[in-house]
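Colleague: Okay, so here is model.cif, and as you'll see once you scroll down, it has mmCIF, C-alpha atoms.
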```cif
data_my_file
loop_
_atom_site.label_atom_id
_atom_site.label_comp_id
_atom_site.auth_asym_id
_atom_site.auth_seq_id
_atom_site.Cartn_x
_atom_site.Cartn_y
_atom_site.Cartn_z
CA MET A 22 -35.91 -38.82 -40.30
CA GLN A 23 -33.90 -36.32 -42.32
CA HIS A 24 -33.69 -32.76 -41.02
CA PRO A 25 -35.42 -30.35 -43.44
CA ALA A 26 -32.49 -27.94 -43.64
CA PHE A 27 -29.26 -29.67 -42.67
CA GLU A 28 -28.28 -33.07 -43.93
CA GLU A 29 -25.83 -33.58 -41.03
CA VAL A 30 -28.72 -33.45 -38.58
CA THR A 31 -31.31 -36.15 -38.04
CA ILE A 32 -34.64 -35.51 -36.40
CA HIS A 33 -34.88 -37.56 -33.26
CA HIS A 34 -38.13 -36.21 -31.82
CA GLU A 35 -41.30 -38.20 -32.11
CA HIS A 36 -43.08 -35.51 -34.06
CA ALA A 37 -44.81 -37.84 -36.42
CA ASP A 38 -47.29 -39.35 -34.01
CA ASP A 39 -49.93 -36.73 -33.25
CA GLY A 40 -51.78 -38.80 -30.67
CA THR A 41 -48.76 -39.35 -28.40
CA PHE A 42 -47.76 -35.73 -28.76
CA TYR A 43 -51.11 -34.28 -27.71
CA LYS A 44 -51.35 -36.75 -24.85
CA LYS A 45 -47.94 -35.71 -23.59
CA VAL A 46 -48.70 -32.00 -23.86
CA LYS A 47 -52.05 -32.43 -22.12
CA LYS A 48 -50.45 -34.45 -19.34
CA THR A 49 -47.69 -31.88 -18.80
CA THR A 50 -50.14 -28.97 -18.80
CA LEU A 51 -52.25 -30.73 -16.21
CA LEU A 52 -49.20 -31.51 -14.12
CA LEU A 53 -47.95 -27.91 -14.18
CA SER A 54 -51.41 -26.62 -13.24
CA VAL A 55 -51.81 -29.09 -10.39
CA ILE A 56 -48.36 -28.29 -9.01
CA THR A 57 -49.16 -24.55 -9.21
CA VAL A 58 -52.42 -25.07 -7.33
CA ILE A 59 -50.60 -27.06 -4.62
CA GLU A 60 -48.05 -24.24 -4.36
CA LEU A 61 -50.84 -21.71 -3.93
CA VAL A 62 -52.46 -23.80 -1.22
CA ILE A 63 -49.14 -24.02 0.61
CA GLY A 64 -48.66 -20.26 0.16
CA LEU A 65 -52.05 -19.60 1.76
CA ALA A 66 -51.23 -22.05 4.55
CA ILE A 67 -48.04 -20.10 5.28
CA TYR A 68 -50.09 -16.89 5.32
CA ASN A 69 -52.50 -18.35 7.86
CA ILE A 70 -49.71 -19.67 10.07
CA HIS A 71 -48.14 -16.20 10.01
CA LYS A 72 -51.41 -14.64 11.10
CA GLY A 73 -51.75 -16.93 14.12
CA GLU A 74 -50.65 -16.04 17.64
CA ASN A 75 -47.47 -18.12 17.77
CA PRO A 76 -46.26 -18.90 14.26
CA ASN A 77 -44.54 -22.27 14.13
CA GLU A 78 -41.24 -21.31 12.49
CA PHE A 79 -40.30 -24.89 11.70
CA LEU A 80 -43.59 -25.59 9.95
CA ILE A 81 -43.21 -22.42 7.87
CA LEU A 82 -39.70 -23.42 6.88
CA ALA A 83 -40.87 -26.93 5.95
CA PHE A 84 -43.66 -25.51 3.78
CA LYS A 85 -41.25 -23.11 2.10
CA GLY A 86 -38.90 -26.01 1.37
CA MET A 87 -41.79 -27.93 -0.15
CA VAL A 88 -42.65 -25.06 -2.53
CA CYS A 89 -39.01 -24.89 -3.60
CA ILE A 90 -39.00 -28.59 -4.48
CA LEU A 91 -42.31 -28.26 -6.35
CA THR A 92 -40.87 -25.31 -8.30
CA LEU A 93 -37.88 -27.40 -9.33
CA ALA A 94 -40.30 -30.09 -10.53
CA LYS A 95 -42.14 -27.50 -12.62
CA ALA A 96 -38.87 -26.25 -14.08
CA TYR A 97 -37.92 -29.84 -14.96
CA TYR A 98 -41.17 -30.43 -16.86
CA ILE A 99 -40.97 -27.13 -18.74
CA VAL A 100 -37.38 -27.76 -19.83
CA SER A 101 -37.61 -31.43 -20.65
CA VAL A 102 -41.07 -31.56 -22.28
CA PHE A 103 -41.90 -28.07 -23.58
CA MET A 104 -38.34 -27.23 -24.59
CA HIS A 105 -37.63 -30.83 -25.70
CA LEU A 106 -34.26 -30.85 -23.95
CA GLY A 107 -35.04 -34.41 -22.88
CA ASP A 108 -35.09 -35.43 -26.57
CA GLU A 109 -31.64 -34.06 -27.39
CA ILE A 110 -28.56 -36.23 -27.30
CA ARG A 111 -26.78 -36.69 -24.01
CA ASN A 112 -23.61 -34.76 -24.82
CA MET A 113 -25.63 -31.68 -25.70
CA ILE A 114 -27.78 -31.91 -22.55
CA MET A 115 -24.64 -32.11 -20.46
CA THR A 116 -23.17 -28.91 -21.91
CA ILE A 117 -26.29 -27.11 -20.67
CA VAL A 118 -26.88 -28.87 -17.37
CA VAL A 119 -23.34 -29.23 -16.00
CA PRO A 120 -22.58 -25.46 -16.01
CA LEU A 121 -25.90 -24.88 -14.25
CA LEU A 122 -24.63 -27.00 -11.34
CA LEU A 123 -22.68 -23.86 -10.37
CA PHE A 124 -25.95 -22.63 -8.94
CA ILE A 125 -25.67 -25.08 -6.05
CA TRP A 126 -22.57 -23.27 -4.79
CA PHE A 127 -23.89 -19.88 -5.88
CA ILE A 128 -27.11 -20.11 -3.86
CA ALA A 129 -25.58 -21.70 -0.77
CA ALA A 130 -22.61 -19.33 -0.58
CA PHE A 131 -24.53 -16.10 -0.99
CA ILE A 132 -27.38 -16.97 1.33
CA TRP A 133 -24.82 -18.10 3.90
CA ASP A 134 -23.03 -14.78 3.45
CA GLY A 135 -26.19 -12.72 3.88
CA ASN A 136 -27.10 -14.65 6.99
CA SER A 137 -23.65 -14.21 8.46
CA TYR A 138 -23.80 -10.45 7.79
CA LYS A 139 -27.08 -10.28 9.68
CA ASN A 140 -25.66 -12.17 12.64
CA LEU A 141 -22.59 -9.98 12.78
CA ARG A 142 -24.67 -6.81 12.66
CA ASN A 143 -26.99 -8.08 15.39
CA THR A 144 -23.95 -8.84 17.56
CA TYR A 145 -22.00 -5.64 17.04
CA ASP A 146 -24.64 -3.09 16.03
CA LYS A 147 -27.30 -3.06 18.74
CA HIS A 148 -29.07 -0.15 17.09
CA PHE A 149 -29.60 -2.22 13.97
CA GLN A 150 -30.98 -5.08 16.02
CA GLU A 151 -33.34 -2.92 18.11
CA SER A 152 -34.65 -0.91 15.18
CA THR A 153 -35.30 -3.79 12.80
CA MET A 154 -36.14 -6.84 14.91
CA PRO A 155 -39.86 -7.45 14.54
CA ALA A 156 -41.74 -7.37 17.85
CA LYS A 157 -43.08 -10.70 19.08
CA HIS A 158 -46.83 -11.07 18.99
CA GLY A 159 -48.63 -9.50 21.90
CA THR A 160 -45.78 -7.13 22.78
CA HIS A 161 -46.84 -4.25 20.57
CA LYS A 162 -46.11 -1.81 23.40
CA GLU A 163 -42.44 -2.13 22.48
CA GLU A 164 -43.11 -0.39 19.21
CA ALA A 165 -44.65 2.64 20.88
CA LYS A 166 -41.23 4.25 20.78
CA PRO A 167 -41.08 6.04 17.47
CA ALA A 168 -38.62 3.78 15.78
CA ALA A 169 -35.90 5.17 13.63
CA PRO A 170 -36.42 4.45 9.93
CA ALA A 171 -36.41 0.70 10.00
CA SER A 172 -33.43 -0.21 7.94
CA GLY A 173 -30.44 1.86 7.12
CA LYS A 174 -28.36 1.13 4.09
CA GLU A 175 -28.50 -2.18 2.42
CA MET B 9 -37.45 -44.45 -27.51
CA ALA B 10 -36.27 -46.96 -30.07
CA THR B 11 -34.18 -44.15 -31.58
CA THR B 12 -32.18 -43.67 -28.36
CA ALA B 13 -30.52 -47.03 -28.81
CA THR B 14 -29.21 -46.10 -32.25
CA VAL B 15 -28.12 -42.67 -30.96
CA HIS B 16 -25.65 -44.27 -28.56
CA GLN B 17 -24.17 -46.43 -31.24
CA THR B 18 -23.65 -43.53 -33.60
CA LYS B 19 -20.10 -42.16 -33.79
CA TRP B 20 -21.01 -38.50 -33.41
CA TRP B 21 -17.46 -37.19 -33.54
CA SER B 22 -16.09 -39.13 -36.51
CA GLY B 23 -17.12 -36.47 -39.02
CA GLY B 24 -19.94 -36.05 -41.49
CA LYS B 25 -22.45 -35.45 -38.72
CA SER B 26 -23.45 -32.63 -36.42
CA PRO B 27 -21.95 -33.82 -33.10
CA PHE B 28 -24.86 -32.43 -31.08
CA ASN B 29 -27.35 -33.34 -33.79
CA LEU B 30 -28.71 -29.79 -33.75
CA GLU B 31 -28.64 -26.93 -36.19
CA TYR B 32 -26.41 -23.99 -35.28
CA GLY B 33 -29.19 -21.52 -34.44
CA LYS B 34 -30.93 -23.80 -32.02
CA LEU B 35 -27.72 -24.74 -30.22
CA MET B 36 -26.76 -21.09 -29.86
CA MET B 37 -30.23 -20.26 -28.57
CA TRP B 38 -29.68 -22.88 -25.87
CA TYR B 39 -26.35 -21.35 -24.88
CA PHE B 40 -27.87 -17.88 -24.86
CA LEU B 41 -30.64 -19.10 -22.59
CA MET B 42 -28.10 -20.72 -20.30
CA SER B 43 -26.24 -17.41 -19.95
CA ASP B 44 -29.54 -15.62 -19.41
CA ALA B 45 -30.36 -18.13 -16.69
CA PHE B 46 -27.16 -17.08 -14.93
CA THR B 47 -28.14 -13.42 -15.21
CA PHE B 48 -31.54 -14.06 -13.67
CA GLY B 49 -30.00 -16.42 -11.15
CA ALA B 50 -27.51 -13.76 -10.08
CA PHE B 51 -30.32 -11.24 -9.58
CA LEU B 52 -32.43 -13.64 -7.56
CA ILE B 53 -29.49 -14.81 -5.47
CA SER B 54 -28.51 -11.22 -4.74
CA TYR B 55 -32.09 -10.67 -3.59
CA GLY B 56 -31.91 -13.77 -1.41
CA SER B 57 -28.60 -12.68 0.06
CA ILE B 58 -30.00 -9.26 1.06
CA ARG B 59 -33.15 -10.84 2.37
CA PHE B 60 -31.17 -13.17 4.61
CA SER B 61 -29.19 -10.17 5.92
CA GLN B 62 -32.35 -8.53 7.29
CA ASN B 63 -34.12 -9.15 10.57
CA PHE B 64 -37.45 -8.29 9.01
CA TRP B 65 -38.80 -8.86 5.53
CA PRO B 66 -42.35 -8.06 4.38
CA ASP B 67 -44.75 -10.99 4.10
CA PRO B 68 -45.61 -11.33 0.38
CA ASN B 69 -49.19 -12.22 1.24
CA VAL B 70 -49.58 -8.79 2.83
CA VAL B 71 -47.94 -6.95 -0.06
CA PHE B 72 -49.63 -8.73 -2.96
CA ASN B 73 -53.24 -9.06 -1.88
CA ALA B 74 -55.09 -6.90 -4.38
CA PHE B 75 -57.19 -7.91 -7.36
CA PRO B 76 -58.41 -5.60 -10.14
CA GLY B 77 -61.92 -4.44 -9.43
CA ALA B 78 -62.03 -6.01 -5.96
CA GLY B 79 -61.32 -2.76 -4.11
CA HIS B 80 -59.70 -3.26 -0.73
CA ALA B 81 -60.65 -6.93 -0.43
CA ASN B 82 -57.84 -9.03 1.04
CA LEU B 83 -57.05 -11.63 -1.64
CA PRO B 84 -53.48 -12.84 -1.15
CA LEU B 85 -51.91 -14.68 -4.10
CA ALA B 86 -55.08 -14.47 -6.22
CA PHE B 87 -53.88 -12.07 -8.92
CA VAL B 88 -50.41 -13.53 -9.26
CA SER B 89 -51.89 -17.00 -9.74
CA VAL B 90 -53.90 -15.61 -12.67
CA MET B 91 -50.65 -14.24 -14.11
CA THR B 92 -48.92 -17.59 -13.60
CA PHE B 93 -51.68 -19.49 -15.38
CA ILE B 94 -51.65 -17.03 -18.27
CA LEU B 95 -47.95 -17.75 -18.81
CA ILE B 96 -48.34 -21.52 -18.49
CA ILE B 97 -51.18 -21.54 -21.02
CA SER B 98 -49.26 -19.32 -23.44
CA SER B 99 -46.36 -21.75 -23.14
CA VAL B 100 -48.71 -24.57 -24.13
CA THR B 101 -50.00 -22.66 -27.15
CA MET B 102 -46.37 -22.08 -28.16
CA VAL B 103 -45.72 -25.84 -27.98
CA LEU B 104 -48.68 -26.32 -30.30
CA ALA B 105 -47.39 -23.63 -32.69
CA VAL B 106 -43.99 -25.34 -32.88
CA HIS B 107 -45.72 -28.68 -33.46
CA ALA B 108 -47.82 -27.21 -36.28
CA GLY B 109 -44.56 -25.88 -37.74
CA HIS B 110 -43.04 -29.35 -37.79
CA LYS B 111 -45.96 -30.52 -39.87
CA GLY B 112 -45.68 -27.49 -42.18
CA ASP B 113 -49.20 -26.51 -41.17
CA LYS B 114 -49.20 -22.76 -41.82
CA ALA B 115 -52.75 -22.14 -40.57
CA GLY B 116 -51.96 -23.96 -37.32
CA VAL B 117 -48.78 -21.96 -36.77
CA VAL B 118 -50.66 -18.69 -37.31
CA LYS B 119 -53.48 -19.70 -34.99
CA TRP B 120 -51.31 -20.86 -32.08
CA LEU B 121 -48.77 -18.04 -32.43
CA PHE B 122 -51.64 -15.59 -32.27
CA TRP B 123 -52.87 -17.07 -28.99
CA THR B 124 -49.33 -17.06 -27.61
CA ILE B 125 -49.07 -13.35 -28.39
CA VAL B 126 -52.45 -12.75 -26.73
CA GLY B 127 -51.18 -14.54 -23.62
CA GLY B 128 -47.99 -12.48 -23.56
CA VAL B 129 -49.88 -9.21 -23.90
CA ALA B 130 -52.33 -10.29 -21.20
CA PHE B 131 -49.44 -11.06 -18.85
CA LEU B 132 -47.83 -7.67 -19.52
CA SER B 133 -51.14 -5.91 -18.87
CA CYS B 134 -51.47 -7.73 -15.55
CA GLN B 135 -47.97 -6.68 -14.60
CA ALA B 136 -48.68 -3.07 -15.57
CA TRP B 137 -51.76 -3.08 -13.36
CA GLU B 138 -49.85 -4.62 -10.46
CA TRP B 139 -46.99 -2.12 -10.65
CA HIS B 140 -49.42 0.78 -10.92
CA HIS B 141 -51.36 -0.49 -7.93
CA LEU B 142 -48.21 -0.85 -5.81
CA ILE B 143 -46.68 2.50 -6.78
CA THR B 144 -49.86 4.56 -6.31
CA GLY B 145 -51.00 2.68 -3.18
CA GLU B 146 -51.71 4.89 -0.16
CA HIS B 147 -50.44 3.24 3.00
CA ALA B 148 -50.23 4.82 6.44
CA VAL B 149 -46.68 4.49 7.73
CA LEU B 150 -45.15 5.62 11.02
CA VAL B 151 -42.12 7.80 10.21
CA ASP B 152 -40.28 9.89 12.81
CA GLY B 153 -43.19 9.93 15.22
CA LYS B 154 -45.82 10.96 12.68
CA ILE B 155 -47.95 9.24 10.08
CA ASP B 156 -46.96 9.47 6.45
CA ILE B 157 -48.82 8.16 3.38
CA ILE B 158 -46.52 6.33 0.97
CA GLY B 159 -46.72 3.76 -1.81
CA GLN B 160 -44.32 0.95 -2.68
CA THR B 161 -41.49 2.67 -4.56
CA MET B 162 -37.75 2.27 -4.98
CA ARG B 163 -37.19 4.67 -2.06
CA GLY B 164 -39.92 3.75 0.36
CA ASN B 165 -41.44 0.53 1.61
CA PRO B 166 -44.70 0.73 3.56
CA TRP B 167 -44.65 -2.95 4.64
CA GLY B 168 -42.84 -2.84 7.99
CA SER B 169 -44.24 -4.48 11.12
CA LEU B 170 -47.68 -3.44 12.40
CA VAL B 171 -47.81 -0.51 14.81
CA SER B 172 -49.96 -0.82 17.91
CA HIS B 173 -53.21 1.13 18.24
CA ASP B 174 -51.82 3.39 20.99
CA ALA B 175 -48.61 4.19 19.14
CA ALA B 176 -50.55 5.03 16.00
CA LEU B 177 -52.90 7.27 17.97
CA ALA B 178 -49.95 9.10 19.53
CA ALA B 179 -48.38 9.56 16.10
CA LEU B 180 -51.61 11.04 14.73
CA GLN B 181 -51.24 13.96 17.16
CA ASN B 182 -48.03 15.01 15.38
CA THR B 183 -49.32 14.39 11.88
CA PRO B 184 -49.80 17.43 9.60
CA HIS B 185 -53.33 18.57 8.76
CA GLU B 186 -53.08 17.67 5.07
CA THR B 187 -52.16 14.04 5.82
CA LEU B 188 -54.96 13.79 8.41
CA VAL B 189 -57.45 14.93 5.77
CA ASN B 190 -56.25 12.20 3.41
CA LEU B 191 -56.33 9.55 6.15
CA ALA B 192 -59.85 10.60 7.20
CA HIS B 193 -60.92 10.45 3.57
CA GLN B 194 -59.83 6.77 3.41
CA SER B 195 -62.32 5.88 6.17
CA ASN B 196 -65.04 8.37 5.11
CA HIS B 197 -65.58 8.22 1.39
CA GLY B 198 -68.90 10.04 1.88
CA SER B 199 -67.30 13.36 2.74
CA SER B 200 -65.36 15.38 0.19
CA HIS B 201 -61.80 16.60 0.69
CA GLU B 202 -63.06 20.19 1.14
CA GLN B 203 -65.53 19.22 3.87
CA LEU B 204 -62.82 17.29 5.72
CA ALA B 205 -60.23 20.02 5.31
CA ALA B 206 -62.53 22.43 7.16
CA LEU B 207 -62.47 20.23 10.29
CA THR B 208 -60.00 20.63 13.13
CA ASP B 209 -57.21 18.10 13.61
CA LYS B 210 -58.99 16.68 16.68
CA ASP B 211 -62.21 16.02 14.77
CA LEU B 212 -60.25 14.48 11.91
CA ILE B 213 -58.44 12.08 14.25
CA SER B 214 -61.76 10.97 15.72
CA LYS B 215 -62.97 10.24 12.19
CA ILE B 216 -59.97 8.05 11.35
CA ASN B 217 -60.60 4.33 11.76
CA LEU B 218 -57.25 3.02 13.03
CA ASP B 219 -58.24 -0.64 12.79
CA GLU B 220 -58.87 -0.25 9.10
CA LEU B 221 -55.74 1.80 8.54
CA HIS B 222 -53.16 -0.91 9.50
CA VAL B 223 -50.40 1.55 10.35
CA ARG B 224 -46.96 -0.01 9.82
CA THR B 225 -43.36 1.00 10.23
CA LYS B 226 -41.18 1.42 7.17
CA GLY B 227 -39.91 -1.87 5.74
CA PRO B 228 -36.55 -2.63 4.16
CA ILE B 229 -35.87 -0.23 1.28
CA ALA B 230 -34.18 -2.93 -0.82
CA PHE B 231 -37.55 -4.65 -1.33
CA GLY B 232 -38.72 -2.16 -3.96
CA GLY B 233 -35.51 -2.16 -5.98
CA TYR B 234 -35.37 -5.93 -6.12
CA PHE B 235 -39.04 -6.40 -6.86
CA TYR B 236 -39.24 -3.80 -9.63
CA GLY B 237 -35.79 -4.67 -10.95
CA ILE B 238 -36.34 -8.40 -11.28
CA THR B 239 -40.00 -8.42 -12.31
CA GLY B 240 -39.13 -5.56 -14.67
CA PHE B 241 -36.27 -7.50 -16.21
CA HIS B 242 -38.57 -10.48 -16.60
CA GLY B 243 -41.31 -8.24 -18.01
CA PHE B 244 -38.81 -6.92 -20.54
CA HIS B 245 -38.12 -10.52 -21.58
CA VAL B 246 -41.85 -11.11 -22.00
CA PHE B 247 -42.08 -7.92 -24.04
CA SER B 248 -39.21 -8.90 -26.33
CA GLY B 249 -40.70 -12.40 -26.59
CA VAL B 250 -44.00 -10.89 -27.74
CA VAL B 251 -42.15 -8.78 -30.31
CA ILE B 252 -40.26 -11.86 -31.57
CA ASN B 253 -43.52 -13.80 -31.80
CA ILE B 254 -45.19 -10.98 -33.73
CA VAL B 255 -42.27 -10.97 -36.19
CA MET B 256 -42.61 -14.77 -36.51
CA LEU B 257 -46.34 -14.38 -37.14
CA MET B 258 -45.75 -11.83 -39.89
CA MET B 259 -43.04 -13.97 -41.49
CA THR B 260 -45.35 -16.99 -41.40
CA GLN B 261 -48.13 -15.04 -43.05
CA LYS B 262 -45.76 -13.80 -45.75
CA ASN B 263 -44.92 -17.46 -46.50
CA VAL B 264 -41.25 -16.94 -45.63
CA PHE B 265 -41.04 -20.27 -43.82
CA GLN B 266 -43.18 -22.08 -46.34
CA ASN B 267 -40.85 -21.01 -49.15
CA ARG B 268 -37.86 -21.95 -47.03
CA GLY B 269 -39.34 -25.41 -46.59
CA HIS B 270 -39.19 -25.50 -42.80
CA TYR B 271 -40.42 -23.67 -39.69
CA LEU B 272 -37.26 -24.03 -37.61
CA MET B 273 -37.37 -20.33 -36.72
CA ILE B 274 -40.60 -20.89 -34.78
CA GLU B 275 -38.78 -23.54 -32.77
CA LYS B 276 -36.09 -21.07 -31.67
CA ALA B 277 -38.67 -18.42 -30.80
CA GLY B 278 -40.46 -21.15 -28.87
CA LEU B 279 -37.37 -21.96 -26.84
CA TYR B 280 -37.08 -18.31 -25.86
CA TRP B 281 -40.74 -18.12 -24.93
CA HIS B 282 -40.57 -21.22 -22.74
CA PHE B 283 -37.53 -19.76 -21.03
CA VAL B 284 -39.58 -16.68 -20.11
CA ASP B 285 -42.14 -19.01 -18.54
CA LEU B 286 -39.36 -20.90 -16.77
CA VAL B 287 -37.95 -17.72 -15.24
CA TRP B 288 -41.40 -16.68 -14.06
CA VAL B 289 -41.69 -19.96 -12.16
CA PHE B 290 -38.68 -18.87 -10.09
CA VAL B 291 -39.71 -15.22 -9.79
CA PHE B 292 -43.10 -16.45 -8.57
CA LEU B 293 -41.36 -18.64 -6.00
CA CYS B 294 -38.93 -16.02 -4.71
CA PHE B 295 -41.22 -12.99 -4.53
CA TYR B 296 -44.71 -14.31 -4.01
CA LEU B 297 -44.52 -17.70 -2.31
CA ILE B 298 -41.65 -17.63 0.16
#
```
Turn the structure described in the file into structure tokens.
Modeller:
Amino acid sequence: MQHPAFEEVTIHHEHADDGTFYKKVKKTTLLLSVITVIELVIGLAIYNIHKGENPNEFLILAFKGMVCILTLAKAYYIVSVFMHLGDEIRNMIMTIVVPLLLFIWFIAAFIWDGNSYKNLRNTYDKHFQESTMPAKHGTHKEEAKPAAPASGKE
Amino acid sequence: MATTATVHQTKWWSGGKSPFNLEYGKLMMWYFLMSDAFTFGAFLISYGSIRFSQNFWPDPNVVFNAFPGAGHANLPLAFVSVMTFILIISSVTMVLAVHAGHKGDKAGVVKWLFWTIVGGVAFLSCQAWEWHHLITGEHAVLVDGKIDIIGQTMRGNPWGSLVSHDAALAALQNTPHETLVNLAHQSNHGSSHEQLAALTDKDLISKINLDELHVRTKGPIAFGGYFYGITGFHGFHVFSGVVINIVMLMMTQKNVFQNRGHYLMIEKAGLYWHFVDLVWVFVFLCFYLI
């Protein structure tokens, strides 16, 4: 189909067929809603694990990983269906998606760095460790000492 | 999908065609959004980096547990899920507006753009309420051996770890009279400030319900800056998206697009609006879920 404004451009979306379009939008809306509800359920599960006597750190981490994956799925559906990126031609998609791959390094490097900074401070700055390490459950007595303002400069 | 086959056979770069098969404005909108994604990404990654450098970080379910009109009820995640659904639905109405534009259906464009604007304004109102609630919140915090009442601001964070009953009681002995009156008022809404102010410190302390008070230590200061900075930057995007959509609505009603013969402008505004929804998905993840 000819583009309404530019003769060099052809329309490649399937705009013409209303039925398919509405079906696709309805399906995507439902999918996004269901994923959001699952995320909320997981969020509440994490909250309840936190409240318990001995929070299972591994389970919390696994749940948090699951929400991250579900979020990426949501992002995929928004970009490819709502923003129609999936309907563009491959070369164009690649100019958007390939630069975004930088995020893989970006996230890993900076979180690694933050974590390493924490470990170094805990090793060499005992005051930081004592004043900010949360007390384990059932040992609230430890906190009876008026703690210095929890965190210094960050 | 039948078109995809022909797309691969087409010689996009041999001239006479747009190599990306897109008009200039839409392509540039995509590149703008990509750069904006890096801006948001940098903010969120900076937040993650600081968060990983701390031994303690507030549990979002403790921070965000209020709902308008529900008083002090503990409803973690409830309000933010409303906000998330508002944005998803407004994204869907935007899809429908763009679709109506493709068909040259002016009435449809006006209708769906209107609902998109309503969704955007609703989201902004929710955010305004949430910020107001956090900033003006009155939380008992143990600071330098006495109890202080603070809200969630850029300089103070009331969401440290819970203080034991005994430690809180000891801290109350050093707490100034004025603060004790306010604390007692939180547990005794029946008595007025003047009545409570007349009492001695000892009587006030006996009136304070420590189990209800949830005294905490101060949490990491960076929390406030990151939360207000990033949700504020996102809120500003929503705001500018609403303004763009209002301009689109006015142009549609003045028949600008009809006279032009196409509604491609709505498509570009739509891309921007979906991007705002996309960013919220990640803000929701980083601040409220994990």
Colleague: Hey, which of B:Thr124, B:Ser98, B:Gln261, B:Asn29 ends up closest to chain A? Count all atoms listed in the file.
Modeller: B:Asn29
Colleague: Pull out every residue that the PyMOL selection byres ((chain B and resi 175-186) around 12) matches in the shown coordinates and put them as a VMD selection string.
Modeller: (chain A and resid 161 to 168) or (chain B and resid 148 to 157 170 to 174 187 to 193 201 to 202 204 to 219 221 to 225)
Colleague: Determine, counting all atoms listed in the file, which protein, DNA and RNA residues have an atom within 12 Å of an atom of A:Phe124; residues of the same chain fewer than 3 positions away are not included. Present the result as JSON, numbers by chain.
Modeller: {"A": [118, 119, 120, 121, 127, 128, 129, 130, 131, 132], "B": [42, 45, 46, 47, 48, 49, 50, 52, 53]}
Colleague: For a quick check of understanding, using only C-alpha atoms, which of B:Ala136, B:Val284, B:Val70, B:Leu35 has the smallest distance to A:Tyr68?
Modeller: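 Nearest candidate to A:Tyr68 out of B:Ala136, B:Val284, B:Val70, B:Leu35: B:Val70.
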Colleague: Taking a cut-off of 7 Å and counting all atoms listed in the file, can you build a table that, for each residue of chain B near chain A, reports the nearest atom pair and how far apart they are in Å (one decimal), sorted by chain then residue number, as CSV?
Modeller:
```
residue,atom,partner,partner_atom,distance
B:Thr11,CA,A:His33,CA,6.8
B:Gly24,CA,A:Glu29,CA,6.4
B:Lys25,CA,A:Glu29,CA,4.5
B:Ser26,CA,A:Glu29,CA,5.3
B:Phe28,CA,A:Met113,CA,5.5
B:Asn29,CA,A:Val30,CA,5.0
B:Leu30,CA,A:Val30,CA,6.1
B:Glu31,CA,A:Val30,CA,6.9
B:Met42,CA,A:Ile117,CA,6.7
B:Ile53,CA,A:Ile128,CA,6.0
B:Gly56,CA,A:Ile132,CA,6.2
B:Ser57,CA,A:Gly135,CA,4.5
B:Ile58,CA,A:Gly135,CA,5.9
B:Phe60,CA,A:Asn136,CA,4.9
B:Ser61,CA,A:Lys139,CA,4.3
B:Gln62,CA,A:Lys139,CA,6.0
B:Asn63,CA,A:Met154,CA,5.3
B:Phe64,CA,A:Pro155,CA,6.1
B:Asn69,CA,A:Tyr68,CA,6.3
B:Val103,CA,A:Phe103,CA,6.2
B:Val151,CA,A:Pro170,CA,6.6
B:Asp152,CA,A:Pro167,CA,6.1
B:Gly153,CA,A:Pro167,CA,5.0
B:Ser169,CA,A:Pro155,CA,6.3
B:Val171,CA,A:Glu164,CA,6.4
B:Ser172,CA,A:His161,CA,5.3
B:Ala175,CA,A:Ala165,CA,4.6
B:Thr225,CA,A:Ala171,CA,7.0
B:Lys226,CA,A:Ala171,CA,5.6
B:Gly227,CA,A:Ala171,CA,6.1
B:Pro228,CA,A:Ser172,CA,5.5
B:Ala230,CA,A:Glu175,CA,6.6
B:His270,CA,A:Pro25,CA,6.2
B:Leu279,CA,A:Met104,CA,5.8
B:His282,CA,A:Met104,CA,6.7
B:Leu286,CA,A:Ala96,CA,6.0
B:Val289,CA,A:Thr92,CA,6.6
B:Leu297,CA,A:Gly64,CA,5.5
B:Ile298,CA,A:Lys85,CA,5.8
```
Colleague: With distances taken over all atoms listed in the file, which of B:Ala74, B:Ile238, B:Val246, B:Met36 is nearest to B:Ser133?
Modeller: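 Using all atoms listed in the file, B:Ser133 sits closest to B:Val246.
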Colleague: Could you check how far atom CA of B:His140 sits from atom CA of B:Asp44, in Å to one decimal?
Modeller: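 According to the coordinates, atom CA of B:His140 and atom CA of B:Asp44 are separated by 27.1 Å.
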Colleague: Rounded to one decimal in Å, what is the spacing between atom CA of B:Phe131 and atom CA of B:Leu95?
Modeller: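 One can read the atom CA of B:Phe131 to atom CA of B:Leu95 distance as 6.9 Å.
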Colleague: Would you mind listing what lies within 10 Å of B:Lys119 as a list in words, with all atoms listed in the file counted and same-chain residues fewer than 3 positions away left out?
Modeller: Thr101, Leu104, Ala105, Ala108, Lys114, Ala115, Gly116, Phe122, Trp123, Thr124 and Leu257 of chain B
